[in-house]
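Q: Dropping a structure here in structure tokens format, bear with me for questions.
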Amino acid sequence: MLGKSGKKEEKDKKFDTDVTEQEYANRLFTRLVAKGKRFERVDFRYCTFDASYLRDCVFDSCDFTGCRFVSCMLQGSSFSGCKFDYATFERTLVDIDVLDNNAPAFENLKLRFARTLRMNFQQIGDSESVNKAIQFELQAIQTHLHKSWACNEQYYRRKYKGMARVGAYFRWLKFRFLDVLWGNGESTAKLIRSAFLLVGVVSLIDVWHMRDPMRLSSYSDAFCCAPQLLLGTADSTNSTDYSKGYLAFLVFFRLVAMALFLSVIIKRFNRR
């Protein structure tokens with residue numbers, strides 16, 4: 001049997017004064033208006049804010065657990081010590097500072113909060129805030145994956161047992177590898193660093209198998225030649241000195257590196 005949720009609708013209302021220690025839980029606010037007001041220790045749990053205008057307001061220690069913000073104007077409003085567990089944002093203008101000062105304590109809730117804000121910023125075309133939200137989300141994911149196999153907290157040990165804990169370890173290992181390789185698709189600097197590392201490895205292989213390891217000039221010559229080998233622009237007469245398997249190995253890594261680089265560039269421009 002389904003019963004009524006008891007949600008009360010408040011339509012076209014306005015806050016005329018500051019609000020302190022009041023309870024407005026489980027309400028549907030439609031076109032709610034408040035400008036320059038202060039809300040302190042106010043209970044907004046499970047509320048829905050639809051097309052509401054809450055500009056230049058101060059929210060101090062308010063509870064927004066399970067709230068939903070749809071097409072709202074929160075620009076200029078500040079949030080301090082507020083609770084946003086399971087809250088969602090859609091097409092809402094809100095400052096990115098809400099992520100720094102009000103993220104949930106638990107890592108799984110933190111990454112969900114960052115994810116909903118990231119999707120919200122994508123909807124309104126705020127590319128700078130999208131990038132910041134993604135970095136926050138990736139950090140939360142890394143911490144969550146690490147705790148899922150290494151932490152002894154009751155939540156993680158009850159949820160990840162036996163093979164599930166082993167699987168969580170390998171997911172964390174994969175995440176860390178991709179983070180070092182190219183920042184999980186969000187760091188051009190890490191991708192360039194990986195490219196230089198690959199050039200160094202190719203240079204050492206070249207010195208060990210094709211040059212004199214005892215000569216210092218061999219290392220500089222090999223380092224200059226390595227980019228040509230990776231890009232496929234080396235002299236064909238010199239390329240014949242390498243085995244076909246090794247050349248195929250270089251072609252494979254060349255294609256992978258180019259695909260990763262294009263992926264980073266496309267994602268950056270796609271947000272704009």
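Here's how to read the names in the structure tokens: chain A, B, ... by the order shown, residue numbers from 1 in each chain, ligand numbers from 1 in the order shown.
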Mind running stretch 147-167 of chain A against stretch 136-142 of chain A at 12 Å and telling me each contacting residue's nearest atom pair with the distance in Å (one decimal), counting only C-alpha atoms, chain and number ascending, as a tab-separated table?
A:
```
residue	atom	partner	partner_atom	distance
A:Lys147	CA	A:Gln142	CA	8.6
A:Ser148	CA	A:Gln142	CA	9.9
A:Trp149	CA	A:Gln142	CA	11.6
```
Q: When DSSP works through the backbone of this structure, what residues of stretch 63-265 of chain A end up as helix (DSSP H, G or I), shown as a ChimeraX atom specification?
A: /A:97-102,107-124,127-150,154-159,163-185,188-210,216-231,236-239,244-265
Q: Considering only C-alpha atoms, return as a list in words whatever protein or nucleic-acid residues lie within 12 Å of A:His209, sequence-local ones (same chain, fewer than 4 positions apart) excluded.
A: Val202, Ser203, Leu204, Ile205, Pro213, Ser218, Tyr219, Ala222, Asp241, Tyr242, Ser243 and Tyr246 of chain A
Q: Any idea what's packed within 12 Å of A:Gly183, counting only C-alpha atoms, ignoring anything in its chain fewer than 4 positions away? Could you give it as a PDB file with N, CA and C atoms, in the first residue's frame?
A:
```pdb
ATOM      1  N   ILE A 134      35.215  18.122 -11.814  1.00  0.00           N
ATOM      2  CA  ILE A 134      35.782  16.839 -12.234  1.00  0.00           C
ATOM      3  C   ILE A 134      37.003  16.492 -11.390  1.00  0.00           C
ATOM      4  N   GLN A 135      37.873  17.458 -11.149  1.00  0.00           N
ATOM      5  CA  GLN A 135      39.044  17.207 -10.312  1.00  0.00           C
ATOM      6  C   GLN A 135      38.633  16.798  -8.901  1.00  0.00           C
ATOM      7  N   LEU A 138      37.277  13.193  -9.129  1.00  0.00           N
ATOM      8  CA  LEU A 138      38.340  12.196  -9.284  1.00  0.00           C
ATOM      9  C   LEU A 138      39.077  11.951  -7.971  1.00  0.00           C
ATOM     10  N   GLN A 139      39.312  13.011  -7.208  1.00  0.00           N
ATOM     11  CA  GLN A 139      39.976  12.848  -5.912  1.00  0.00           C
ATOM     12  C   GLN A 139      39.108  12.042  -4.958  1.00  0.00           C
ATOM     13  N   GLN A 142      39.222   8.364  -6.019  1.00  0.00           N
ATOM     14  CA  GLN A 142      40.481   7.735  -5.625  1.00  0.00           C
ATOM     15  C   GLN A 142      40.480   7.380  -4.139  1.00  0.00           C
ATOM     16  N   LYS A 174      43.921   0.136 -11.141  1.00  0.00           N
ATOM     17  CA  LYS A 174      43.656   0.635 -12.495  1.00  0.00           C
ATOM     18  C   LYS A 174      43.479   2.142 -12.492  1.00  0.00           C
ATOM     19  N   PHE A 175      42.740   2.656 -11.517  1.00  0.00           N
ATOM     20  CA  PHE A 175      42.509   4.097 -11.417  1.00  0.00           C
ATOM     21  C   PHE A 175      43.825   4.840 -11.217  1.00  0.00           C
ATOM     22  N   ARG A 176      44.689   4.318 -10.333  1.00  0.00           N
ATOM     23  CA  ARG A 176      45.966   4.973 -10.072  1.00  0.00           C
ATOM     24  C   ARG A 176      46.868   4.944 -11.303  1.00  0.00           C
ATOM     25  N   PHE A 177      46.850   3.832 -12.050  1.00  0.00           N
ATOM     26  CA  PHE A 177      47.664   3.752 -13.260  1.00  0.00           C
ATOM     27  C   PHE A 177      47.217   4.786 -14.282  1.00  0.00           C
ATOM     28  N   LEU A 178      45.902   4.883 -14.500  1.00  0.00           N
ATOM     29  CA  LEU A 178      45.390   5.853 -15.463  1.00  0.00           C
ATOM     30  C   LEU A 178      45.609   7.275 -14.986  1.00  0.00           C
ATOM     31  N   ASP A 179      45.610   7.477 -13.669  1.00  0.00           N
ATOM     32  CA  ASP A 179      45.876   8.805 -13.141  1.00  0.00           C
ATOM     33  C   ASP A 179      47.321   9.218 -13.400  1.00  0.00           C
ATOM     34  N   SER A 187      44.374  15.600 -17.495  1.00  0.00           N
ATOM     35  CA  SER A 187      45.647  16.289 -17.284  1.00  0.00           C
ATOM     36  C   SER A 187      46.538  16.173 -18.517  1.00  0.00           C
ATOM     37  N   THR A 188      46.645  17.255 -19.256  1.00  0.00           N
ATOM     38  CA  THR A 188      47.554  17.281 -20.404  1.00  0.00           C
ATOM     39  C   THR A 188      49.006  17.205 -19.945  1.00  0.00           C
ATOM     40  N   ALA A 189      49.305  17.801 -18.787  1.00  0.00           N
ATOM     41  CA  ALA A 189      50.678  17.792 -18.273  1.00  0.00           C
ATOM     42  C   ALA A 189      51.138  16.371 -17.970  1.00  0.00           C
ATOM     43  N   LYS A 190      50.273  15.546 -17.365  1.00  0.00           N
ATOM     44  CA  LYS A 190      50.645  14.162 -17.063  1.00  0.00           C
ATOM     45  C   LYS A 190      50.812  13.356 -18.341  1.00  0.00           C
ATOM     46  N   LEU A 191      50.011  13.650 -19.353  1.00  0.00           N
ATOM     47  CA  LEU A 191      50.147  12.946 -20.627  1.00  0.00           C
ATOM     48  C   LEU A 191      51.468  13.297 -21.307  1.00  0.00           C
ATOM     49  N   ILE A 192      51.850  14.576 -21.250  1.00  0.00           N
ATOM     50  CA  ILE A 192      53.144  14.994 -21.814  1.00  0.00           C
ATOM     51  C   ILE A 192      54.288  14.354 -21.034  1.00  0.00           C
ATOM     52  N   ARG A 193      54.153  14.271 -19.712  1.00  0.00           N
ATOM     53  CA  ARG A 193      55.172  13.621 -18.895  1.00  0.00           C
ATOM     54  C   ARG A 193      55.324  12.152 -19.282  1.00  0.00           C
ATOM     55  N   SER A 194      54.205  11.474 -19.513  1.00  0.00           N
ATOM     56  CA  SER A 194      54.252  10.072 -19.935  1.00  0.00           C
ATOM     57  C   SER A 194      54.911   9.932 -21.296  1.00  0.00           C
ATOM     58  N   LEU A 260      45.058   9.169 -26.901  1.00  0.00           N
ATOM     59  CA  LEU A 260      44.895   9.794 -25.593  1.00  0.00           C
ATOM     60  C   LEU A 260      44.968  11.313 -25.695  1.00  0.00           C
ATOM     61  N   PHE A 261      45.907  11.806 -26.499  1.00  0.00           N
ATOM     62  CA  PHE A 261      46.051  13.254 -26.666  1.00  0.00           C
ATOM     63  C   PHE A 261      44.805  13.864 -27.303  1.00  0.00           C
ATOM     64  N   VAL A 264      41.900  14.049 -24.790  1.00  0.00           N
ATOM     65  CA  VAL A 264      41.989  15.180 -23.866  1.00  0.00           C
ATOM     66  C   VAL A 264      41.560  16.468 -24.558  1.00  0.00           C
TER      67      VAL A 264
END
```
Q: Excluding A:Leu111 and any residue of its chain fewer than 2 positions from it, enumerate the residues within 12 Å of it, using only C-alpha atoms, and give them as a ChimeraX atom specification.
A: /A:84-87,99,103-109,113-118,133-145
Q: Export, as an mmCIF file, in the first residue's frame, the selected residues with C-alpha atoms.
A:
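After the write, result21.cif holds the following:
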```
data_model
loop_
_atom_site.group_PDB
_atom_site.id
_atom_site.type_symbol
_atom_site.label_atom_id
_atom_site.label_comp_id
_atom_site.auth_asym_id
_atom_site.auth_seq_id
_atom_site.Cartn_x
_atom_site.Cartn_y
_atom_site.Cartn_z
ATOM 1 C CA PHE A 84 24.025 18.315 1.074
ATOM 2 C CA ASP A 85 23.819 14.521 1.406
ATOM 3 C CA TYR A 86 21.950 13.072 -1.617
ATOM 4 C CA ALA A 87 21.155 16.583 -2.936
ATOM 5 C CA LEU A 99 31.691 22.240 -3.434
ATOM 6 C CA ALA A 103 30.932 18.497 0.546
ATOM 7 C CA PRO A 104 29.561 15.477 2.483
ATOM 8 C CA ALA A 105 31.890 13.719 4.885
ATOM 9 C CA PHE A 106 31.657 10.230 3.363
ATOM 10 C CA GLU A 107 33.647 9.722 0.156
ATOM 11 C CA ASN A 108 30.859 7.930 -1.744
ATOM 12 C CA LEU A 109 28.465 10.800 -1.012
ATOM 13 C CA PHE A 113 27.727 15.485 -4.840
ATOM 14 C CA ALA A 114 30.622 16.485 -7.096
ATOM 15 C CA ARG A 115 29.086 14.489 -9.971
ATOM 16 C CA THR A 116 25.686 16.161 -9.769
ATOM 17 C CA LEU A 117 27.352 19.585 -9.658
ATOM 18 C CA ARG A 118 29.557 18.669 -12.618
ATOM 19 C CA ALA A 133 34.147 19.627 -10.232
ATOM 20 C CA ILE A 134 35.782 16.839 -12.234
ATOM 21 C CA GLN A 135 39.044 17.207 -10.312
ATOM 22 C CA PHE A 136 37.120 17.101 -7.029
ATOM 23 C CA GLU A 137 35.180 14.045 -8.226
ATOM 24 C CA LEU A 138 38.340 12.196 -9.284
ATOM 25 C CA GLN A 139 39.976 12.848 -5.912
ATOM 26 C CA ALA A 140 36.878 11.545 -4.132
ATOM 27 C CA ILE A 141 36.815 8.437 -6.339
ATOM 28 C CA GLN A 142 40.481 7.735 -5.625
ATOM 29 C CA THR A 143 39.966 8.038 -1.868
ATOM 30 C CA HIS A 144 36.822 5.911 -1.996
ATOM 31 C CA LEU A 145 38.525 3.156 -4.009
#
```
Q: Do you have the atom CA of A:Asp12-atom CA of A:Arg91 distance handy?
A: 19.6 Å
Q: Could you pull out the residues in stretch 37-145 of chain A that DSSP calls strand (DSSP E or B) from the backbone, as a VMD selection string?
A: chain A and resid 38 to 40 43 48 to 50 53 to 55 58 to 60 63 68 to 70 73 78 to 80 83 88 to 90 93
Q: Would you pick out the contacts of A:Tyr24 at 8 Å or less, using only C-alpha atoms, so that residues sharing its chain but fewer than 6 positions from it are not included, and give the list as a list in words?
A: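 Here the answer would be Val42, Asp43, Phe44, Arg45 and Cys47 of chain A.
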Q: Give me, as a list in words, all polymer residues having an atom no more than 9 Å from A:Phe15, counting only C-alpha atoms and skipping those fewer than 2 positions away in the same chain.
A: Lys13, Thr17, Asp18, Val19, Leu32, Val33, Ala34, Lys35 and Lys37 of chain A
Q: Which one is closest to A:Arg112: A:Asp50, A:Thr88, A:Ile124, A:Asp100? Count only C-alpha atoms.
A: A:Thr88
